[in-house]
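K.L.:
Sending over a structure as structure tokens; questions will come in a sec.
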Amino acid sequence: KIDNSYLFLMVSFSQTEEPVCRQRGDPESPQISKDGDILLGGIFSFHSSWKDRQDTFTHKPLPLECTSLNFREFQFAQAMLFAIGEINNSTDLLPGISLGYKMYDTCGSIARSVRVALALANGHETESAPSDEPCTRPAQVLAIMGETSSSLCMAIATVIGPFHIPMISHFATCACLSDKTKYPSFLRTIPSDYYQSRALAQLVRHFGWTWVGAIRTNDDYGNNGMATFTETAQQLDICLEYSVAFFRTDPPKKIQKIIDIIRTSSSKVIVAFLSHMDMDVLIHELSKYNLTGYQWVGSESWIFDSQTAERDIHHILDGAIGLNEIFTEFWETLFSCTFKRSTSSAGNQKECTGHEDVTGVRNSFTDMSLMPIFNNVYKGVYAVAHALHSILGCNETCNNKILQHIKTIQFKTKEGDEVYFNEYGDPAAKYEIINWQPTGNGVIEFVTVGLHDSSLPADRQLNLHNKSFIWVHNSKQVPVSVCSEKCPPGTRKVLQKGKPVCCYDCIRCAEGEISNVTDSITCIRCHPEFWSNDRRDACVKKEAEFLSYEEIMGALLSAAALFGACMTVVVAFIFFKYRKTPIVRANNSELSFLLLFSLTLCFLCSLTFIGRPSEWSCMLRHTAFGITFVLCISCVLGKTIVVLMAFRATLPGSNVMKWFGTTQQRLSVVAFTLIQVLICIVWLTVSPPFPLKNLKEFKDKIILECALGSAVGFWAVLGYIGLLAMLCFLLAFLARKLPDNFNEAKFITFSMLIFCAVWITFIPAYVSSPGKFSVAVEIFAILASTFGLLICIFIPKCYIILLKPEKNTKKNMMGKVAPKYV
């Protein structure tokens with residue numbers, strides 16, 4: 001053996017020195033061929049498999065023995081023949097030039113695909129003798145049509161790419177073939193899976209299926225297609241519960257594992273990126289377990305395959321939807337030849353005359369469910385013809401490389417289909433959306449229910465027709481497949497720990513926050529002047545709260561203020577009527593009337609605190625309150641001083657009354673009041689009170705209140721009132737035991753005690769009261785102190801005037817007990 005090998009090497013070496021070409025190995029012969037001025041190559045898998053064998057490496061391997069006749073590939077070849085025949089009979093396209101062809105069977109083998117590709121490139125397949133022709137010469141064919149499988153196309157395109165021989169596939173959809181650095185001469189008339197995968201993802205998202213399973217063929221077609229689908233699904237918030245790959249030749253244990261995954265999954269939608277052969281195997285396995293009830297979404301490799309539908313005897317795929325390339329029907333011409341019985345004596349033999357009708361014949365060869373792919377073959381042949389026509393019409397300076405012309409051609413077929421290739425060698429991606437709808441006799445009808453055009457903007461690519469869908473179990477209701485139900489408005493999504501983003505819990509928005517869309521991931525905080533409603537799906541304007549006349553508390557305080565004012569007017573009327581009586585004249589009736597007037601103003605100023613705060617009401621309420629109360633306390637203080645001065649005036653040699661007469665009393669009241677007026681003017685000038693929307697006190701309410709502006713000004717007004725009140729209380733307390741039968745100092749002392757007690761308790765109550773209650777506390781303090789002054793100072797006098805007139809005498813006012821002197 002060693003000697004024979006050595007001899008073989010020597011012979012081979014000596015042959016390389018000969019200036020002739022010799023073909024190595026067995027020649028490859030075409031299955032279908034025809035001579036012509038220009039030849040086109042065709043590579044198809046007329047057989048889908050081959051017999052397995054074990055090479056012993058002791059002798060030359062035998063040729064591949066193909067099995068399993070594939071009628072689909074014969075249909076593709078027939079479409080190529082039909083297109084070539086049309087072109088040869090055309091007077092407009094390639095006139096005077098005939099196209100020939102050489103078609104090879106690869107049996108689905110990558111190795112054989114490479115061999116026949118080289119045979120088409122080199123030519124002289126049957127020559128075994130040395131040739132005197134140069135070893136370097138142009139390719140035998142100008143273009144190659146085929147193959148069907150993406151994996152086979154990758155192998156062929158890799159081999160013929162350096163020779164710049166264009167290869168046009170009708171069914172290889174792998175997006176990887178768009179890489180022009182690896183496959184520079186590859187083109188196709190079927191859209192890339194890049195577009196199909198994205199279209200499938202958009203279709204899934206359109207029906208709201210966010211929780212799906214995925215099965216793919218474990219080859220370049222399935223893996224690349226599913227990778228693009230997965231990427232797009234993530235962008236569209238679609239989650240894959242599982243993504244498994246298998247091949248039809250996988251061992252039973254692996255397929256069984258996939259079946260178990262499907263059975264235990266919670267998703268009800270399955271995206272199947274499978275070849276029709278793998279789909280047939282999967283259907284067979286699913287039928288064993290009667291795994292129905294799943295909504296299938298399929299790629300174009302099986303979604304419009306009638307043979308796959310015929311094998312689905314358990315109706316597992318009923319209601320399936322998927323994409324199918326748009327095409328124009330021309331099969332009436334393509335398959336016009338059918339059969340009829342011969343009337344000759346030869347018996348019942350069948351012969352073709354060219355005038356028969358086979359529309360009623362049903363077999364794999366006349367199955368038109370793959371018409372879009374036939375049309376792709378048809379368009380590929382015409383693309384080559386138009387490129388050749390362009391080259392023949394060029395001048396000498398024109399580029400005569402057919403690959404460059406094919407890349408730039410653009411034409412319409414007679415059916416109206418526009419044919420062109422983009423920079424990646426791909427056509428425009430336009431699909432029909434197919435729905436498997438079972439008929440009454442159990443036959444599946446492929447119904448077009450919509451279109452998808454990838455050339456349009458993303459929001460307009462998917463266009464569903466106004467047709468009824470048939471879903472799984474013949475239902476007309478769109479199935480639901482989600483990991484978690486949609487979060488309604490008013491809630492937000494919170495991801496479940498350790499699970500995909502489609503699995504989440506719905507948490508209600510917090511107070512003051514809303515979500516007004518479904519499946520919101522965040523809650524939006526309302527504007528400070530708005531608050532969330534009970535459903536947390538809308539912001540409503542906060543209720544503006546202020547002390548109004550309409551509510552009970554405001555009405556009661558208003559009534560109390562008016563009652564006090566009326567009561568004061570009645571007392572003033574009584575005093576005016578009995579103004580000449582001793583009890584009225586006893587202590588400066590002028591101060592009494594002025595005090596009654598100021599008390600009336602005190603009652604009425606409380607009304608300015610009720611109602612919606614405005615700029616003027618805020619300035620008025622505090623200044624009016626401060627000035628009227630100072631006027632009131634000044635009058636009381638004047639009366640107290642008069643009591644003290646009157647007692648001092650009764651002492652021998654005392655002339656004190658001339659220093660605090662009527663004029664001095666008036667001036668003291670004016671002076672004390674003027675000081676408060678000046679304080680208020682400074683306050684209003686520097687930083688006056690203003691209306692304020694308090695948004696912090698309550699979450700769901702707006703408190704309309706009057707801000708103090710300058711807190712110093714406010715407390716200066718209150719402090720001055722308190723100072724006068726304390727001084728008045730002190731003087732009245734000192735005069736309380738003066739020897740008068742009707743000593744007014746006692747009543748002033750008691751009234752000042754009430755006044756001071758009210759306003760001392762007012763401060764903590766005012767500070768701690770929220771919203772409108774702080775205003776109510778202030779009004780209550782005003783009314784309580786005013787009622788205290790009115791009742792303590794004037795009611796006892798009215799009692800004597802009206803009910804005890806006998807005591808209303810000068811003698812009784814002077815008293816019977818003379819003062820004691822020390």
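Simple scheme: letters A, B, ... for chains in structure tokens order, numbers from 1 for residues in each chain, numbers from 1 for ligands in the order shown.
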Which of stretch 671-734 of chain A counts as strand (DSSP E or B) under DSSP, as a list in words please?

P.N.:
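Written out, the strand (DSSP E or B) residues of stretch 671-734 of chain A are Phe690, Pro691, Leu692, Lys693, Asn694, Lys701, Ile702, Ile703, Leu704, Glu705, Cys706 and Ala707 of chain A.
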
K.L.:
Find the residues near stretch 799-801 of chain A: any atom within 9 Å, counting only C-alpha atoms, skip ones fewer than 6 places away on the same chain, and give them as an NGL selection string.

P.N.:
:A and (574-575 or 578 or 581 or 583-584 or 807-808)

K.L.:
When you count only C-alpha atoms, which of these residues is closest to A:Val449: A:Asn466, A:Ser197, A:Ser33, A:Ser275?

P.N.:
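Smallest separation from A:Val449 among the options: A:Asn466.
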
K.L.:
Residues within 7 Å of A:Asp426, please, as number ranges by chain. Count only C-alpha atoms; anything in the same chain fewer than 2 positions from it doesn't count.

P.N.:
A: 187-189, 191-192, 421-422, 424, 428

K.L.:
Restricting the calculation to only C-alpha atoms, which member of A:Thr158, A:Gln461, A:Ser484, A:Ser710 is positioned closest to A:Lys499?

P.N.:
A:Ser484

K.L.:
Give me the residues within 10 Å of A:Leu388 as a list in words, counting only C-alpha atoms and dropping any in the same chain fewer than 2 places off.

P.N.:
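Non-adjacent residues within range: Ile38, Leu93, Leu94, Leu142, Tyr382, Ala383, Val384, Ala385, His386, Ser390, Ile391, Leu392, Gly393, Cys394, Asn400, Lys401, Ile402, Leu403, His405 and Ile406 of chain A.
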
K.L.:
For stretch 774-783 of chain A, find every residue with an atom within 9 Å (counting only C-alpha atoms), except residues of its own chain fewer than 5 positions away, and show them as a compact mmCIF listing (two decimals) with all heavy atoms, in the first residue's frame.

P.N.:
# COMPACT_ATOMS: atom_id res chain seq x y z
N PHE A 546 -61.97 76.76 53.51
CA PHE A 546 -61.90 78.00 54.27
C PHE A 546 -63.21 78.12 55.04
O PHE A 546 -64.20 77.44 54.74
CB PHE A 546 -61.69 79.21 53.35
CG PHE A 546 -62.76 79.37 52.30
CD1 PHE A 546 -63.88 80.16 52.53
CD2 PHE A 546 -62.64 78.73 51.08
CE1 PHE A 546 -64.87 80.30 51.58
CE2 PHE A 546 -63.63 78.86 50.12
CZ PHE A 546 -64.75 79.65 50.37
N LEU A 547 -63.21 78.97 56.02
CA LEU A 547 -64.40 79.15 56.85
C LEU A 547 -65.40 79.99 56.08
O LEU A 547 -65.18 81.18 55.83
CB LEU A 547 -64.03 79.83 58.17
CG LEU A 547 -65.13 79.89 59.22
CD1 LEU A 547 -65.56 78.49 59.62
CD2 LEU A 547 -64.65 80.66 60.44
N MET A 553 -70.46 75.82 61.09
CA MET A 553 -69.61 76.56 62.01
C MET A 553 -69.54 78.03 61.63
O MET A 553 -69.63 78.92 62.49
CB MET A 553 -68.20 75.94 62.03
CG MET A 553 -67.25 76.58 63.03
SD MET A 553 -65.76 75.60 63.31
CE MET A 553 -65.11 75.49 61.66
N GLY A 554 -69.39 78.31 60.34
CA GLY A 554 -69.34 79.70 59.90
C GLY A 554 -70.66 80.41 60.15
O GLY A 554 -70.68 81.58 60.55
N LEU A 557 -70.99 81.15 63.95
CA LEU A 557 -70.15 82.27 64.36
C LEU A 557 -70.67 83.58 63.81
O LEU A 557 -70.62 84.62 64.51
CB LEU A 557 -68.71 82.03 63.89
CG LEU A 557 -67.97 80.87 64.58
CD1 LEU A 557 -66.62 80.65 63.92
CD2 LEU A 557 -67.78 81.15 66.07
N ALA A 560 -73.58 84.51 65.92
CA ALA A 560 -73.13 85.01 67.22
C ALA A 560 -72.60 86.43 67.12
O ALA A 560 -72.86 87.28 68.01
CB ALA A 560 -72.06 84.08 67.78
N ALA A 561 -71.88 86.71 66.04
CA ALA A 561 -71.34 88.05 65.86
C ALA A 561 -72.47 89.06 65.66
O ALA A 561 -72.46 90.16 66.25
CB ALA A 561 -70.38 88.07 64.68
N GLY A 564 -74.31 89.56 68.91
CA GLY A 564 -73.56 90.44 69.80
C GLY A 564 -73.66 91.89 69.37
O GLY A 564 -73.79 92.80 70.21
N CYS A 602 -66.10 95.51 67.21
CA CYS A 602 -65.42 94.23 67.52
C CYS A 602 -66.25 93.04 67.08
O CYS A 602 -65.73 92.07 66.54
CB CYS A 602 -65.13 94.17 69.02
SG CYS A 602 -63.81 95.27 69.56
N PHE A 603 -67.57 93.11 67.34
CA PHE A 603 -68.43 92.02 66.89
C PHE A 603 -68.43 91.91 65.37
O PHE A 603 -68.33 90.82 64.80
CB PHE A 603 -69.87 92.24 67.40
CG PHE A 603 -70.09 91.81 68.82
CD1 PHE A 603 -70.49 92.74 69.78
CD2 PHE A 603 -69.91 90.49 69.20
CE1 PHE A 603 -70.70 92.34 71.09
CE2 PHE A 603 -70.12 90.10 70.51
CZ PHE A 603 -70.51 91.02 71.47
N CYS A 605 -66.16 93.04 63.19
CA CYS A 605 -64.87 92.73 62.56
C CYS A 605 -64.63 91.23 62.48
O CYS A 605 -63.83 90.76 61.66
CB CYS A 605 -63.74 93.44 63.30
SG CYS A 605 -63.16 92.60 64.79
N SER A 606 -65.29 90.47 63.33
CA SER A 606 -65.13 89.01 63.26
C SER A 606 -65.70 88.46 61.96
O SER A 606 -65.29 87.38 61.50
CB SER A 606 -65.82 88.35 64.46
OG SER A 606 -67.21 88.59 64.43
N LEU A 607 -66.65 89.21 61.33
CA LEU A 607 -67.21 88.74 60.07
C LEU A 607 -66.19 88.79 58.94
O LEU A 607 -66.33 88.08 57.94
CB LEU A 607 -68.43 89.60 59.70
CG LEU A 607 -69.61 89.52 60.67
CD1 LEU A 607 -70.73 90.46 60.22
CD2 LEU A 607 -70.14 88.09 60.78
N PHE A 609 -63.33 87.66 59.03
CA PHE A 609 -62.55 86.41 59.06
C PHE A 609 -63.28 85.27 58.36
O PHE A 609 -62.70 84.21 58.14
CB PHE A 609 -62.27 86.01 60.51
CG PHE A 609 -61.27 86.89 61.19
CD1 PHE A 609 -61.65 88.10 61.75
CD2 PHE A 609 -59.94 86.52 61.26
CE1 PHE A 609 -60.71 88.91 62.39
CE2 PHE A 609 -59.01 87.33 61.90
CZ PHE A 609 -59.39 88.53 62.45
N ILE A 610 -64.55 85.47 58.03
CA ILE A 610 -65.36 84.42 57.39
C ILE A 610 -65.43 84.72 55.90
O ILE A 610 -65.58 85.86 55.48
CB ILE A 610 -66.77 84.37 58.01
CG1 ILE A 610 -66.67 84.15 59.52
CG2 ILE A 610 -67.59 83.25 57.38
CD1 ILE A 610 -68.00 84.21 60.23
N PHE A 625 -59.41 94.24 63.43
CA PHE A 625 -59.44 93.60 64.75
C PHE A 625 -58.52 94.33 65.73
O PHE A 625 -58.90 94.65 66.86
CB PHE A 625 -59.03 92.14 64.59
CG PHE A 625 -58.42 91.53 65.82
CD1 PHE A 625 -59.21 91.26 66.94
CD2 PHE A 625 -57.07 91.23 65.87
CE1 PHE A 625 -58.64 90.69 68.07
CE2 PHE A 625 -56.51 90.66 66.99
CZ PHE A 625 -57.29 90.39 68.11
N PHE A 629 -60.13 96.66 68.84
CA PHE A 629 -59.90 96.15 70.19
C PHE A 629 -59.10 97.14 71.02
O PHE A 629 -59.33 97.31 72.22
CB PHE A 629 -59.22 94.79 70.15
CG PHE A 629 -60.17 93.66 70.35
CD1 PHE A 629 -60.99 93.23 69.32
CD2 PHE A 629 -60.30 93.05 71.59
CE1 PHE A 629 -61.88 92.20 69.50
CE2 PHE A 629 -61.20 92.01 71.78
CZ PHE A 629 -62.00 91.58 70.73
N GLU A 705 -56.01 80.56 53.44
CA GLU A 705 -55.84 81.32 54.66
C GLU A 705 -55.09 82.61 54.37
O GLU A 705 -54.60 82.82 53.26
CB GLU A 705 -55.08 80.49 55.69
CG GLU A 705 -53.69 80.07 55.23
CD GLU A 705 -53.00 79.15 56.21
OE1 GLU A 705 -53.70 78.61 57.08
OE2 GLU A 705 -51.78 78.97 56.10
N PHE A 755 -61.19 88.63 79.59
CA PHE A 755 -60.49 89.02 78.37
C PHE A 755 -59.09 88.41 78.31
O PHE A 755 -58.70 87.82 77.30
CB PHE A 755 -60.41 90.56 78.32
CG PHE A 755 -59.84 91.10 77.04
CD1 PHE A 755 -60.65 91.40 75.97
CD2 PHE A 755 -58.47 91.29 76.91
CE1 PHE A 755 -60.11 91.91 74.79
CE2 PHE A 755 -57.92 91.78 75.74
CZ PHE A 755 -58.74 92.07 74.67
N VAL A 758 -59.15 84.62 77.97
CA VAL A 758 -59.49 84.19 76.60
C VAL A 758 -58.28 84.29 75.69
O VAL A 758 -57.94 83.36 74.95
CB VAL A 758 -60.67 85.01 76.06
CG1 VAL A 758 -60.83 84.80 74.55
CG2 VAL A 758 -61.96 84.65 76.76
N TRP A 759 -57.59 85.41 75.73
CA TRP A 759 -56.50 85.61 74.78
C TRP A 759 -55.23 84.86 75.17
O TRP A 759 -54.42 84.54 74.30
CB TRP A 759 -56.21 87.10 74.63
CG TRP A 759 -57.28 87.75 73.80
CD1 TRP A 759 -58.33 88.49 74.26
CD2 TRP A 759 -57.44 87.65 72.39
NE1 TRP A 759 -59.14 88.89 73.23
CE2 TRP A 759 -58.60 88.38 72.05
CE3 TRP A 759 -56.73 87.04 71.38
CZ2 TRP A 759 -59.06 88.50 70.75
CZ3 TRP A 759 -57.18 87.16 70.08
CH2 TRP A 759 -58.34 87.88 69.77
N THR A 761 -55.36 81.77 76.46
CA THR A 761 -55.64 80.42 75.93
C THR A 761 -55.73 80.41 74.41
O THR A 761 -55.59 79.37 73.78
CB THR A 761 -56.95 79.88 76.51
OG1 THR A 761 -58.02 80.81 76.22
CG2 THR A 761 -56.84 79.70 78.02
N PHE A 762 -55.97 81.60 73.83
CA PHE A 762 -56.08 81.66 72.36
C PHE A 762 -54.76 81.29 71.68
O PHE A 762 -54.76 80.61 70.66
CB PHE A 762 -56.49 83.08 71.95
CG PHE A 762 -56.12 83.43 70.54
CD1 PHE A 762 -56.85 82.95 69.46
CD2 PHE A 762 -55.00 84.23 70.28
CE1 PHE A 762 -56.49 83.27 68.16
CE2 PHE A 762 -54.64 84.54 68.97
CZ PHE A 762 -55.39 84.06 67.91
N ALA A 765 -54.09 77.55 71.34
CA ALA A 765 -55.17 76.97 70.52
C ALA A 765 -55.04 77.40 69.07
O ALA A 765 -55.27 76.62 68.14
CB ALA A 765 -56.53 77.38 71.09
N TYR A 766 -54.65 78.63 68.83
CA TYR A 766 -54.50 79.16 67.48
C TYR A 766 -53.35 78.48 66.76
O TYR A 766 -53.46 78.10 65.58
CB TYR A 766 -54.26 80.67 67.55
CG TYR A 766 -54.02 81.31 66.20
CD1 TYR A 766 -55.09 81.63 65.37
CD2 TYR A 766 -52.74 81.60 65.76
CE1 TYR A 766 -54.88 82.22 64.13
CE2 TYR A 766 -52.52 82.18 64.52
CZ TYR A 766 -53.59 82.49 63.71
OH TYR A 766 -53.38 83.06 62.48
N VAL A 767 -52.25 78.29 67.47
CA VAL A 767 -51.07 77.69 66.85
C VAL A 767 -51.31 76.23 66.50
O VAL A 767 -50.84 75.73 65.47
CB VAL A 767 -49.85 77.84 67.78
CG1 VAL A 767 -48.66 77.06 67.23
CG2 VAL A 767 -49.48 79.31 67.95
N SER A 768 -52.06 75.52 67.32
CA SER A 768 -52.24 74.07 67.13
C SER A 768 -53.45 73.72 66.27
O SER A 768 -53.60 72.57 65.86
CB SER A 768 -52.37 73.37 68.48
OG SER A 768 -53.51 73.88 69.19
N SER A 769 -54.31 74.68 65.98
CA SER A 769 -55.52 74.38 65.21
C SER A 769 -55.20 74.35 63.72
O SER A 769 -54.54 75.27 63.22
CB SER A 769 -56.62 75.41 65.48
OG SER A 769 -56.99 75.38 66.84
N GLY A 788 -67.60 89.18 76.89
CA GLY A 788 -67.19 89.37 78.28
C GLY A 788 -67.20 90.82 78.68
O GLY A 788 -67.70 91.17 79.77
